[in-house]
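Engineer: Enclosed is the structure file entry.cif (mmCIF, C-alpha atoms and all ligand atoms; chains and numbers go by the auth columns).
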data_protein
#
loop_
_atom_site.group_PDB
_atom_site.id
_atom_site.type_symbol
_atom_site.label_atom_id
_atom_site.label_comp_id
_atom_site.label_asym_id
_atom_site.label_seq_id
_atom_site.Cartn_x
_atom_site.Cartn_y
_atom_site.Cartn_z
_atom_site.B_iso_or_equiv
_atom_site.auth_seq_id
_atom_site.auth_asym_id
ATOM 1 C CA MET A 1 2.214 -9.506 4.405 0.00 81 V
ATOM 2 C CA ASP A 2 3.026 -9.233 0.709 0.00 82 V
ATOM 3 C CA ARG A 3 3.374 -5.541 0.025 0.00 83 V
ATOM 4 C CA TYR A 4 4.456 -5.826 -3.597 0.00 84 V
ATOM 5 C CA SER A 5 2.649 -7.562 -6.415 0.00 85 V
ATOM 6 C CA LYS A 6 1.956 -7.490 -10.141 0.00 86 V
ATOM 7 C CA ILE A 7 -1.421 -7.420 -11.849 0.00 87 V
ATOM 8 C CA LEU A 8 -0.932 -9.484 -14.990 0.00 88 V
ATOM 9 C CA ASN A 9 -4.371 -9.790 -16.559 0.00 89 V
ATOM 10 C CA LYS A 10 -6.260 -6.578 -17.275 0.00 90 V
ATOM 11 C CA ASP A 11 -4.400 -3.261 -17.091 0.00 91 V
ATOM 12 C CA LYS A 12 -0.995 -4.699 -16.283 0.00 92 V
ATOM 13 C CA ARG A 13 0.687 -2.855 -13.484 0.00 93 V
ATOM 14 C CA GLU A 14 2.775 -3.167 -10.389 0.00 94 V
ATOM 15 C CA ILE A 15 1.042 -2.534 -7.092 0.00 95 V
ATOM 16 C CA VAL A 16 2.461 -1.640 -3.698 0.00 96 V
ATOM 17 C CA LEU A 17 0.750 -1.650 -0.339 0.00 97 V
ATOM 18 C CA LEU A 18 2.441 0.980 1.767 0.00 98 V
ATOM 19 C CA ILE A 19 1.981 1.635 5.451 0.00 99 V
ATOM 20 C CA GLY A 20 0.894 4.919 6.984 0.00 100 V
ATOM 21 C CA ASN A 21 -0.822 6.316 10.061 0.00 101 V
ATOM 22 C CA GLY A 22 -4.008 4.391 9.361 0.00 102 V
ATOM 23 C CA CYS A 23 -7.511 5.378 8.392 0.00 103 V
ATOM 24 C CA LYS A 24 -9.319 7.424 11.021 0.00 104 V
ATOM 25 C CA TRP A 25 -12.755 6.592 9.626 0.00 105 V
ATOM 26 C CA GLN A 26 -12.602 2.806 10.274 0.00 106 V
ATOM 27 C CA LYS A 27 -16.301 2.331 9.623 0.00 107 V
ATOM 28 C CA CYS A 28 -16.490 0.496 6.296 0.00 108 V
ATOM 29 C CA LYS A 29 -17.702 -2.992 7.204 0.00 109 V
ATOM 30 C CA PHE A 30 -15.830 -4.723 4.368 0.00 110 V
ATOM 31 C CA CYS A 31 -12.477 -3.269 5.337 0.00 111 V
ATOM 32 C CA ASN A 32 -9.814 -4.145 7.859 0.00 112 V
ATOM 33 C CA TYR A 33 -7.053 -2.305 6.060 0.00 113 V
ATOM 34 C CA TYR A 34 -7.048 0.352 8.778 0.00 114 V
ATOM 35 C CA LEU A 35 -5.363 -2.241 11.022 0.00 115 V
ATOM 36 C CA ASP A 36 -2.233 -1.975 8.883 0.00 116 V
ATOM 37 C CA ARG A 37 -0.801 1.141 10.492 0.00 117 V
ATOM 38 C CA THR A 38 1.948 2.549 12.613 0.00 118 V
ATOM 39 C CA ARG A 39 2.647 6.028 13.932 0.00 119 V
ATOM 40 C CA ASP A 40 6.359 5.233 14.028 0.00 120 V
ATOM 41 C CA GLU A 41 7.654 7.256 11.080 0.00 121 V
ATOM 42 C CA GLU A 42 10.997 5.458 11.066 0.00 122 V
ATOM 43 C CA LYS A 43 9.177 2.159 10.699 0.00 123 V
ATOM 44 C CA GLN A 44 6.928 3.579 7.953 0.00 124 V
ATOM 45 C CA LEU A 45 9.976 4.810 6.072 0.00 125 V
ATOM 46 C CA LYS A 46 11.811 1.496 6.414 0.00 126 V
ATOM 47 C CA ILE A 47 8.845 -0.633 5.288 0.00 127 V
ATOM 48 C CA ASN A 48 7.860 1.682 2.434 0.00 128 V
ATOM 49 C CA LYS A 49 11.431 2.047 1.192 0.00 129 V
ATOM 50 C CA GLU A 50 11.882 -1.719 1.193 0.00 130 V
ATOM 51 C CA THR A 51 8.571 -2.189 -0.655 0.00 131 V
ATOM 52 C CA LEU A 52 9.265 0.499 -3.257 0.00 132 V
ATOM 53 C CA SER A 53 12.725 -0.939 -3.928 0.00 133 V
ATOM 54 C CA LYS A 54 10.966 -3.909 -5.577 0.00 134 V
ATOM 55 C CA VAL A 55 9.335 -1.739 -8.247 0.00 135 V
ATOM 56 C CA THR A 56 10.876 -2.383 -11.646 0.00 136 V
ATOM 57 C CA GLY A 57 8.805 -0.093 -13.860 0.00 137 V
ATOM 58 C CA GLU A 58 8.331 -2.926 -16.342 0.00 138 V
ATOM 59 C CA PHE A 59 4.721 -1.975 -17.168 0.00 139 V
ATOM 60 C CA GLY A 60 5.155 1.772 -16.883 0.00 140 V
ATOM 61 C CA VAL A 61 2.276 1.854 -14.373 0.00 141 V
ATOM 62 C CA LEU A 62 2.448 1.717 -10.597 0.00 142 V
ATOM 63 C CA GLU A 63 -0.560 1.640 -8.302 0.00 143 V
ATOM 64 C CA ALA A 64 0.371 2.730 -4.795 0.00 144 V
ATOM 65 C CA ILE A 65 -1.976 2.285 -1.868 0.00 145 V
ATOM 66 C CA ASN A 66 -1.222 3.215 1.693 0.00 146 V
ATOM 67 C CA SER A 67 -3.078 2.628 4.907 0.00 147 V
ATOM 68 C CA ARG A 68 -4.753 5.958 4.951 0.00 148 V
ATOM 69 C CA LYS A 69 -5.162 7.182 1.424 0.00 149 V
ATOM 70 C CA TYR A 70 -5.420 5.802 -2.050 0.00 150 V
ATOM 71 C CA PHE A 71 -3.418 7.722 -4.589 0.00 151 V
HETATM 72 S S1 LIG B . -9.397 2.458 4.807 0.00 201 V
HETATM 73 FE FE1 LIG B . -10.953 3.156 3.394 0.00 201 V
HETATM 74 S S2 LIG B . -12.317 1.430 3.114 0.00 201 V
HETATM 75 FE FE2 LIG B . -11.122 1.058 4.982 0.00 201 V
HETATM 76 S S3 LIG B . -12.330 1.859 6.677 0.00 201 V
HETATM 77 FE FE3 LIG B . -10.985 3.483 5.988 0.00 201 V
HETATM 78 S S4 LIG B . -12.196 4.649 4.507 0.00 201 V
HETATM 79 FE FE4 LIG B . -13.162 2.661 4.780 0.00 201 V
#
How would this structure read if it were set down as structure tokens?

Structural biologist:
Amino acid sequence: MDRYSKILNKDKREIVLLIGNGCKWQKCKFCNYYLDRTRDEEKQLKINKETLSKVTGEFGVLEAINSRKYF
């Protein structure tokens, strides 16, 4: 899974897909993002740290999404 990307057309920004405990709702028919989860905090930290290390700040905007909350 590609957890880091850049949006280059409208509203240029970097985007990261982080991993968390997972969505508890799991009822939105269009979504399978809740499958990207782990309760292993060490694993979360490792994956998220690795993903965030790719951020360069080149656009001054970062969109961060994790498998539980959008923020
Ligand atoms: S992650 Fe968001 S969109 Fe997906 S099932 Fe949960 S609440 Fe719905």

Engineer: In terms of the shortest atom-to-atom distance over all atoms listed in the file, which of V:Leu125, V:Val135, V:Leu115, V:Cys103 is closest to ligand LIG 201 (chain V)?

Structural biologist: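 Smallest separation from ligand LIG 201 (chain V) among the options: V:Cys103.
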
Engineer: Enumerate, in order of chain and increasing residue number, the residues of chain V with an atom no farther than 9 Å from ligand LIG 201 (chain V), each with its shortest atom pair and distance in Å to one decimal, counting all atoms listed in the file, as CSV.

Structural biologist:
residue,atom,partner,partner_atom,distance
V:Gly102,CA,V:LIG201,S1,7.3
V:Cys103,CA,V:LIG201,FE3,4.6
V:Lys104,CA,V:LIG201,FE3,6.6
V:Trp105,CA,V:LIG201,FE3,5.1
V:Gln106,CA,V:LIG201,S3,3.7
V:Lys107,CA,V:LIG201,S3,5.0
V:Cys108,CA,V:LIG201,FE4,4.2
V:Lys109,CA,V:LIG201,S3,7.3
V:Phe110,CA,V:LIG201,S2,7.2
V:Cys111,CA,V:LIG201,FE2,4.5
V:Asn112,CA,V:LIG201,FE2,6.1
V:Tyr113,CA,V:LIG201,FE2,5.4
V:Tyr114,CA,V:LIG201,S1,5.1
V:Leu115,CA,V:LIG201,S1,8.8
V:Asn146,CA,V:LIG201,S1,8.8
V:Ser147,CA,V:LIG201,S1,6.3
V:Arg148,CA,V:LIG201,S1,5.8
V:Lys149,CA,V:LIG201,S1,7.2
V:Tyr150,CA,V:LIG201,FE1,8.2

Engineer: For Ile95 of chain V, list every protein, DNA or RNA residue within 7 Å, evaluated using all atoms listed in the file, and leave out those in the same chain fewer than 6 positions away; present the list as an MDAnalysis selection string.

Structural biologist: chainID V and resid 84:86 142:144

Engineer: What does the distance from atom CA of Arg93 of chain V to atom CA of Gly140 of chain V come to in Å, to one decimal?

Structural biologist: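 Taking atom CA of Arg93 of chain V as the start and atom CA of Gly140 of chain V as the end point, the length is 7.3 Å.
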
Engineer: Just want the 9 Å neighbourhood of Thr131 of chain V, counted on only C-alpha atoms, with same-chain residues fewer than 4 positions away dropped. Output as a list in words.

Structural biologist: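 Those residues are Arg83, Tyr84, Val96, Leu97, Leu98, Lys126, Ile127 and Val135 of chain V.
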
Engineer: Could you tell me how far atom CA of Met81 of chain V sits from atom CA of Leu132 of chain V, in Å to one decimal place?

Structural biologist: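 Result for atom CA of Leu132 of chain V versus atom CA of Met81 of chain V: 14.4 Å, one decimal.
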
Engineer: Can you work out the spacing between atom CA of Leu88 of chain V and atom CA of Ser133 of chain V in Å, to one decimal?

Structural biologist: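 Atom CA of Ser133 of chain V lies at a distance of 19.5 Å from atom CA of Leu88 of chain V.
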
Engineer: Taking into account all atoms listed in the file, which residue in the set V:Asn101, V:Ile87, V:Asp82, V:Ile145 is nearest to Gln124 of chain V?

Structural biologist: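 Nearest candidate to Gln124 of chain V out of V:Asn101, V:Ile87, V:Asp82, V:Ile145: V:Asn101.
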
Engineer: Which residues fall under the PyMOL selection byres (((chain V and resi 119) around 10) and not hetatm) in this file, as a VMD selection string?

Structural biologist: chain V and resid 99 to 102 117 to 118 120 to 124

Engineer: Mind dumping the selected residues with C-alpha atoms as an mmCIF file, in the coordinates of the input?

Structural biologist:
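Just written: part_22.cif:
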data_model
loop_
_atom_site.group_PDB
_atom_site.id
_atom_site.type_symbol
_atom_site.label_atom_id
_atom_site.label_comp_id
_atom_site.auth_asym_id
_atom_site.auth_seq_id
_atom_site.Cartn_x
_atom_site.Cartn_y
_atom_site.Cartn_z
ATOM 1 C CA ILE V 99 1.981 1.635 5.451
ATOM 2 C CA GLY V 100 0.894 4.919 6.984
ATOM 3 C CA ASN V 101 -0.822 6.316 10.061
ATOM 4 C CA GLY V 102 -4.008 4.391 9.361
ATOM 5 C CA ARG V 117 -0.801 1.141 10.492
ATOM 6 C CA THR V 118 1.948 2.549 12.613
ATOM 7 C CA ASP V 120 6.359 5.233 14.028
ATOM 8 C CA GLU V 121 7.654 7.256 11.080
ATOM 9 C CA GLU V 122 10.997 5.458 11.066
ATOM 10 C CA LYS V 123 9.177 2.159 10.699
ATOM 11 C CA GLN V 124 6.928 3.579 7.953
#

Engineer: Put a box with edges along x, y and z around all the listed atoms of segment 96-99 of chain V, pad it by 5 Å on each side, then give me its centre and sizes in Å, one decimal, as AutoDock Vina command-line options.

Structural biologist:
--center_x 1.6 --center_y 0.0 --center_z 0.9 --size_x 11.7 --size_y 13.3 --size_z 19.1
